[in-house]
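Trainee: A single structure is presented below for examination.
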Amino acid sequence: MINRDEFLREVTLRICSSLAIKETLRNAFEYLSEHFPLDMLGLFILDERLGATRHIAHAFDKGVVLPDEIIPLPEGMLEKITARNFSAPFIVDAENDEIFRYYAPLVHLEGNTDLIVPLRMSGTPLGGLTLRARGAGRYTEEQAEFLACIAKPFAIALANALAHEEVLRYQAILLDDRRFLSRELHQGTAVEVIGGETGLRKVMEMVRQVAPLNNTVLLLGETGTGKEMIADAIHFSSPRKDGPYIKVNCGALPENLIDSELFGHEKGAFTGAAAESRGRFERADGGTIFLDEIGELSPTAQVRLLRVLQNHEVERVGGKRPIPVDIRVIAATHRDLQSMITEGRFREDLWFRLSGFPIPVPPVRQRKSDIPAITRHFVMVKSRELGITVPPSIAPGALLRLMEYDWPGNVRELENMVERELIRHHGGPLTFETMLPREEGRTEAVSAGAGHPHLPLKLDEAMAAHISEVLKLAQGKIHGPGGAAELLGVKPTTLRWRMDQLGIRYRRRDQGTD
């Protein structure tokens with residue numbers, strides 16, 4: 001005979017002895033085994049997120065075969081379990097019970113007797129406490145009725161353990177986010193787009209239209225045109241500017257890892273998945289995700305991305321339940337996606353989802369008036385990166401030389417060339433004479449025209465022709481950044497005097513701008 005009050009007191013002391021649930025269960029196992037047949041004591045929960053039962057702790061003697069940690073449930077099984085409204089302890093009858101007939105092989109019930117004490121908090125089922133003994137018929141109904149007294153203490157212990165587990169999980173998430181944010185998130189509050197009032201004026205008008213909204217944006221343009229800069233401008237001009245901003249280069253992700261990186265994975269989803277991992281889409285919740293080189297996505301990833309755009313939810317690799325996300329998607333590509341659709345390498349339905357608001361970003365050769373400002377910007381930035389205290393000036397005529405080149409590599413090529421010029425700089429203004437690639441067609445044309453009868457022979461005629469060409473490059477602008485005076489390396493007043501002498505019309509009514 002066991003005194004119920006003394007028994008309950010002793011069990012309660014043992015399960016409250018530690019916050020570590022495994023240690024708690026071991027202490028309880030040692031005491032319960034003195035009064036009941038007991039080879040294994042286990043705690044399990046009904047995990048709606050996973051759609052499974054999850055065993056969180058066991059205490060056992062040697063030689064006991066333990067059930068799997070996570071046992072997935074068939075569709076509708078979880079609802080059947082909660083509908084049964086288990087409240088009193090009961091002995092498992094696998095032969096006559098549909099639920100436990102499914103469970104029996106998964107929990108290795110054959111040759112054992114299980115007694116389950118349901119655990120509830122505020123009327124809501126949490127899970128249960130399982131007592132197992134080897135052999136058949138090891139427990140009686142009287143023992144099951146007696147063990148009802150320990151349901152409340154174990155339910156409190158289980159709830160505390162789950163709360164502690166949740167705290168640790170969020171702590172791990174915050175630490176993970178801190179590492180991730182410090183490595184990958186763009187820091188800044190505003191983006192200054194060089195050329196926003198000149199060559200990129202139409203692009204920035206579209207940015208101002210779309211930034212306040214939540215729709216998907218597709219940036220189109222050659223590689224190196226600055227699509228990432230436009231994506232930055234959209235995010236930091238939007239209501240999501242204080243949220244996370246995740247950038248993903250789809251072409252740089254290995255094909256076998258791209259699903260896990262973008263959408264995350266559950267523990268055990270594949271070899272090496274030792275813990276659950278949130279993908280880039282989950283990390284961008286409440287903010288923006290920028291998918292660069294979207295045309296490089298694998299067919300599987302395209303299907304998953306389509307689901308994100310349609311349903312605003314992701315499903316982790318190995319996961320059973322969708323996870324809702326509140327994100328804005330900005331995609332970019334230099335590829336011809338419509339040609340890829342024809343070739344079967346890109347999904348047409350994904351194209352329609354992405355291309356609701358396309359923004360074409362023009363190449364540098366179509367906005368040469370921006371080259372002076374871009375060059376000066378890179379001289380300042382690269383000087384700071386290279387440790388040059390005082391950025392060097394740019395020699396007269398050097399900017400004009402840069403504007404005459406077509407820049408097939410666009411802004412990225414110009415940036416690299418400025419860096420090379422600074423590295424080789426030995427004092428004096430930057431000339432870009434030795435660093436600028438030569439265009440064979442232009443060189444041949446100059447050589448062939450050396451004795452051309454139609455070239456101007458008089459100096460005034462040659463000067464007038466040259467100034468007119470520079471005015472065209474500067475779009476009629478004389479003073480200020482990118483103006484003809486700066487390109488020619490003279491003062492605006494000097495240039496106007498020279499133009500008056502040569503009879504070149506330049507006033508606003510003639511040029512349309514000054």
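The chains in the structure tokens are called A, B, ... from first to last as shown; in each chain the residues are counted from 1, and the ligands are counted from 1 in the order shown.
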Write out as JSON lines the residues of stretch 179-273 of chain A that have any atom within 7 Å of an atom of stretch 290-299 of chain A, one row each with the nearest atom pair and its distance in Å to one decimal, counting only C-alpha atoms, sorted by chain and then rising number.
Mentor:
```
{"residue": "A:Ile246", "atom": "CA", "partner": "A:Phe290", "partner_atom": "CA", "distance": 6.1}
{"residue": "A:Lys247", "atom": "CA", "partner": "A:Phe290", "partner_atom": "CA", "distance": 4.7}
{"residue": "A:Val248", "atom": "CA", "partner": "A:Leu291", "partner_atom": "CA", "distance": 5.1}
{"residue": "A:Asn249", "atom": "CA", "partner": "A:Asp292", "partner_atom": "CA", "distance": 4.8}
{"residue": "A:Cys250", "atom": "CA", "partner": "A:Glu293", "partner_atom": "CA", "distance": 5.6}
{"residue": "A:Gly251", "atom": "CA", "partner": "A:Glu296", "partner_atom": "CA", "distance": 5.2}
{"residue": "A:Glu255", "atom": "CA", "partner": "A:Ser298", "partner_atom": "CA", "distance": 6.8}
```
Trainee: Show which residues sit within 10 Å of A:Ser393, as number ranges by chain. Count only C-alpha atoms, and ignore same-chain residues fewer than 5 positions away.
Mentor: A: 376, 379-380, 427-431
Trainee: Write down as a PDB file with N, CA and C atoms, in the first residue's frame the residues belonging to stretch 184-407 of chain A that are assigned strand (DSSP E or B) by DSSP computed on the backbone.
Mentor:
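Saved file out.pdb follows:
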```pdb
ATOM      1  N   VAL A 217       9.002  43.444 -57.887  1.00  0.00           N
ATOM      2  CA  VAL A 217       9.655  44.274 -58.903  1.00  0.00           C
ATOM      3  C   VAL A 217      10.730  43.439 -59.591  1.00  0.00           C
ATOM      4  N   LEU A 218      10.818  43.552 -60.906  1.00  0.00           N
ATOM      5  CA  LEU A 218      11.850  42.850 -61.688  1.00  0.00           C
ATOM      6  C   LEU A 218      12.745  43.879 -62.349  1.00  0.00           C
ATOM      7  N   LEU A 219      14.044  43.836 -62.040  1.00  0.00           N
ATOM      8  CA  LEU A 219      15.027  44.751 -62.627  1.00  0.00           C
ATOM      9  C   LEU A 219      15.729  44.037 -63.781  1.00  0.00           C
ATOM     10  N   LEU A 220      15.731  44.675 -64.946  1.00  0.00           N
ATOM     11  CA  LEU A 220      16.315  44.090 -66.150  1.00  0.00           C
ATOM     12  C   LEU A 220      17.456  44.965 -66.637  1.00  0.00           C
ATOM     13  N   TYR A 245      16.774  43.465 -44.765  1.00  0.00           N
ATOM     14  CA  TYR A 245      16.997  43.556 -46.209  1.00  0.00           C
ATOM     15  C   TYR A 245      18.023  42.486 -46.570  1.00  0.00           C
ATOM     16  N   ILE A 246      17.546  41.393 -47.137  1.00  0.00           N
ATOM     17  CA  ILE A 246      18.390  40.232 -47.432  1.00  0.00           C
ATOM     18  C   ILE A 246      18.707  40.200 -48.920  1.00  0.00           C
ATOM     19  N   LYS A 247      19.994  40.065 -49.233  1.00  0.00           N
ATOM     20  CA  LYS A 247      20.428  39.981 -50.629  1.00  0.00           C
ATOM     21  C   LYS A 247      20.931  38.575 -50.919  1.00  0.00           C
ATOM     22  N   VAL A 248      20.476  38.020 -52.032  1.00  0.00           N
ATOM     23  CA  VAL A 248      20.862  36.666 -52.417  1.00  0.00           C
ATOM     24  C   VAL A 248      21.323  36.682 -53.866  1.00  0.00           C
ATOM     25  N   ASN A 249      22.544  36.211 -54.109  1.00  0.00           N
ATOM     26  CA  ASN A 249      23.012  36.011 -55.478  1.00  0.00           C
ATOM     27  C   ASN A 249      22.703  34.563 -55.855  1.00  0.00           C
ATOM     28  N   HIS A 265      15.553  24.380 -43.623  1.00  0.00           N
ATOM     29  CA  HIS A 265      15.344  22.932 -43.517  1.00  0.00           C
ATOM     30  C   HIS A 265      15.080  22.551 -42.065  1.00  0.00           C
ATOM     31  N   SER A 277      17.081  24.993 -39.550  1.00  0.00           N
ATOM     32  CA  SER A 277      17.699  26.230 -40.041  1.00  0.00           C
ATOM     33  C   SER A 277      16.660  27.035 -40.802  1.00  0.00           C
ATOM     34  N   THR A 288      12.504  43.054 -46.998  1.00  0.00           N
ATOM     35  CA  THR A 288      12.662  42.854 -48.435  1.00  0.00           C
ATOM     36  C   THR A 288      13.731  41.813 -48.696  1.00  0.00           C
ATOM     37  N   ILE A 289      13.523  40.991 -49.718  1.00  0.00           N
ATOM     38  CA  ILE A 289      14.559  40.071 -50.181  1.00  0.00           C
ATOM     39  C   ILE A 289      14.868  40.405 -51.635  1.00  0.00           C
ATOM     40  N   PHE A 290      16.170  40.554 -51.930  1.00  0.00           N
ATOM     41  CA  PHE A 290      16.625  40.886 -53.286  1.00  0.00           C
ATOM     42  C   PHE A 290      17.260  39.644 -53.888  1.00  0.00           C
ATOM     43  N   LEU A 291      16.650  39.113 -54.939  1.00  0.00           N
ATOM     44  CA  LEU A 291      17.132  37.909 -55.615  1.00  0.00           C
ATOM     45  C   LEU A 291      17.844  38.324 -56.889  1.00  0.00           C
ATOM     46  N   ASP A 292      19.164  38.408 -56.819  1.00  0.00           N
ATOM     47  CA  ASP A 292      19.958  38.770 -57.992  1.00  0.00           C
ATOM     48  C   ASP A 292      20.200  37.535 -58.841  1.00  0.00           C
ATOM     49  N   GLU A 313       3.969  32.175 -48.245  1.00  0.00           N
ATOM     50  CA  GLU A 313       4.376  31.200 -47.249  1.00  0.00           C
ATOM     51  C   GLU A 313       5.478  30.328 -47.826  1.00  0.00           C
ATOM     52  N   VAL A 314       6.331  29.823 -46.956  1.00  0.00           N
ATOM     53  CA  VAL A 314       7.417  28.942 -47.368  1.00  0.00           C
ATOM     54  C   VAL A 314       7.255  27.604 -46.663  1.00  0.00           C
ATOM     55  N   VAL A 317      12.655  22.514 -46.268  1.00  0.00           N
ATOM     56  CA  VAL A 317      13.011  21.180 -46.748  1.00  0.00           C
ATOM     57  C   VAL A 317      12.809  20.201 -45.590  1.00  0.00           C
ATOM     58  N   ILE A 323       5.001  27.942 -43.570  1.00  0.00           N
ATOM     59  CA  ILE A 323       5.313  29.020 -42.628  1.00  0.00           C
ATOM     60  C   ILE A 323       4.982  30.349 -43.300  1.00  0.00           C
ATOM     61  N   PRO A 324       4.043  31.132 -42.771  1.00  0.00           N
ATOM     62  CA  PRO A 324       3.694  32.406 -43.412  1.00  0.00           C
ATOM     63  C   PRO A 324       4.835  33.417 -43.306  1.00  0.00           C
ATOM     64  N   ARG A 328       8.718  41.432 -49.263  1.00  0.00           N
ATOM     65  CA  ARG A 328       8.634  41.980 -50.615  1.00  0.00           C
ATOM     66  C   ARG A 328       9.792  41.403 -51.412  1.00  0.00           C
ATOM     67  N   VAL A 329       9.519  40.962 -52.628  1.00  0.00           N
ATOM     68  CA  VAL A 329      10.546  40.352 -53.474  1.00  0.00           C
ATOM     69  C   VAL A 329      10.943  41.327 -54.572  1.00  0.00           C
ATOM     70  N   ILE A 330      12.246  41.590 -54.649  1.00  0.00           N
ATOM     71  CA  ILE A 330      12.815  42.337 -55.778  1.00  0.00           C
ATOM     72  C   ILE A 330      13.771  41.381 -56.482  1.00  0.00           C
ATOM     73  N   ALA A 331      13.546  41.134 -57.755  1.00  0.00           N
ATOM     74  CA  ALA A 331      14.385  40.213 -58.527  1.00  0.00           C
ATOM     75  C   ALA A 331      15.141  40.994 -59.600  1.00  0.00           C
ATOM     76  N   ALA A 332      16.254  40.429 -60.030  1.00  0.00           N
ATOM     77  CA  ALA A 332      17.058  41.082 -61.073  1.00  0.00           C
ATOM     78  C   ALA A 332      17.699  40.011 -61.942  1.00  0.00           C
ATOM     79  N   THR A 333      17.893  40.333 -63.197  1.00  0.00           N
ATOM     80  CA  THR A 333      18.565  39.403 -64.108  1.00  0.00           C
ATOM     81  C   THR A 333      19.124  40.159 -65.309  1.00  0.00           C
ATOM     82  N   PRO A 358       8.234  45.589 -64.419  1.00  0.00           N
ATOM     83  CA  PRO A 358       9.659  45.520 -64.797  1.00  0.00           C
ATOM     84  C   PRO A 358      10.270  46.907 -64.891  1.00  0.00           C
ATOM     85  N   ILE A 359      11.517  47.030 -64.458  1.00  0.00           N
ATOM     86  CA  ILE A 359      12.261  48.296 -64.570  1.00  0.00           C
ATOM     87  C   ILE A 359      13.543  48.018 -65.357  1.00  0.00           C
ATOM     88  N   PRO A 360      13.628  48.475 -66.602  1.00  0.00           N
ATOM     89  CA  PRO A 360      14.880  48.301 -67.364  1.00  0.00           C
ATOM     90  C   PRO A 360      15.917  49.330 -66.926  1.00  0.00           C
ATOM     91  N   ILE A 394      41.296  64.982 -61.153  1.00  0.00           N
ATOM     92  CA  ILE A 394      41.213  64.364 -62.477  1.00  0.00           C
ATOM     93  C   ILE A 394      41.721  65.373 -63.495  1.00  0.00           C
TER      94      ILE A 394
END
```
Trainee: Looking at A:Gln310, A:Thr198, A:Thr300, A:Thr389, which one is nearest to A:Ser369, with distances taken over only C-alpha atoms?
Mentor: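 Result for the nearest residue to A:Ser369: A:Thr198.
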Trainee: Near A:Ile327, counting only C-alpha atoms, which residues have an atom at most 8 Å away, once you skip same-chain residues fewer than 4 positions from it, shown as a list in words?
Mentor: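 In the requested form, the answer reads Phe281, Ala284, Asp285, Gly286, Gly287, Thr288, Ile289 and His312 of chain A.
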Trainee: Those same residues, written as a JSON list (two decimals), in the first residue's frame with C-alpha atoms?
Mentor:
```
[["chain", "number", "residue", "atom", "x", "y", "z"],
["A", 281, "PHE", "CA", 12.93, 34.11, -46.90],
["A", 284, "ALA", "CA", 13.52, 38.60, -44.51],
["A", 285, "ASP", "CA", 10.11, 38.46, -42.78],
["A", 286, "GLY", "CA", 8.81, 42.01, -42.40],
["A", 287, "GLY", "CA", 11.33, 43.37, -44.92],
["A", 288, "THR", "CA", 12.66, 42.85, -48.43],
["A", 289, "ILE", "CA", 14.56, 40.07, -50.18],
["A", 312, "HIS", "CA", 3.17, 34.32, -49.05]]
```
Trainee: Quick one: everything within 7 Å of stretch 70-73 of chain A, counting only C-alpha atoms, minus sequence neighbours fewer than 5 positions away in the same chain. Send it as a list in words.
Mentor: Gly51, Ala52, Thr53, Arg54, His55 and Leu78 of chain A
Trainee: Please dump the current selection as an mmCIF file, in the first residue's frame; keep N, CA, C and O atoms.
Mentor:
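Now in result-v5.cif:
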```
data_model
loop_
_atom_site.group_PDB
_atom_site.id
_atom_site.type_symbol
_atom_site.label_atom_id
_atom_site.label_comp_id
_atom_site.auth_asym_id
_atom_site.auth_seq_id
_atom_site.Cartn_x
_atom_site.Cartn_y
_atom_site.Cartn_z
ATOM 1 N N GLY A 51 3.089 18.449 -37.030
ATOM 2 C CA GLY A 51 2.097 17.434 -37.352
ATOM 3 C C GLY A 51 2.552 16.062 -36.910
ATOM 4 O O GLY A 51 2.429 15.072 -37.644
ATOM 5 N N ALA A 52 3.087 15.982 -35.679
ATOM 6 C CA ALA A 52 3.690 14.747 -35.193
ATOM 7 C C ALA A 52 3.652 14.715 -33.679
ATOM 8 O O ALA A 52 3.333 15.714 -33.020
ATOM 9 N N THR A 53 3.944 13.533 -33.108
ATOM 10 C CA THR A 53 4.225 13.450 -31.680
ATOM 11 C C THR A 53 5.738 13.508 -31.528
ATOM 12 O O THR A 53 6.473 12.900 -32.305
ATOM 13 N N ARG A 54 6.190 14.252 -30.531
ATOM 14 C CA ARG A 54 7.631 14.430 -30.338
ATOM 15 C C ARG A 54 7.997 14.008 -28.924
ATOM 16 O O ARG A 54 7.481 14.552 -27.948
ATOM 17 N N HIS A 55 8.879 13.019 -28.823
ATOM 18 C CA HIS A 55 9.348 12.552 -27.520
ATOM 19 C C HIS A 55 10.523 13.417 -27.097
ATOM 20 O O HIS A 55 11.551 13.451 -27.773
ATOM 21 N N LEU A 78 -3.964 13.815 -35.833
ATOM 22 C CA LEU A 78 -3.838 14.710 -34.688
ATOM 23 C C LEU A 78 -5.208 15.181 -34.209
ATOM 24 O O LEU A 78 -5.457 15.269 -33.000
#
```
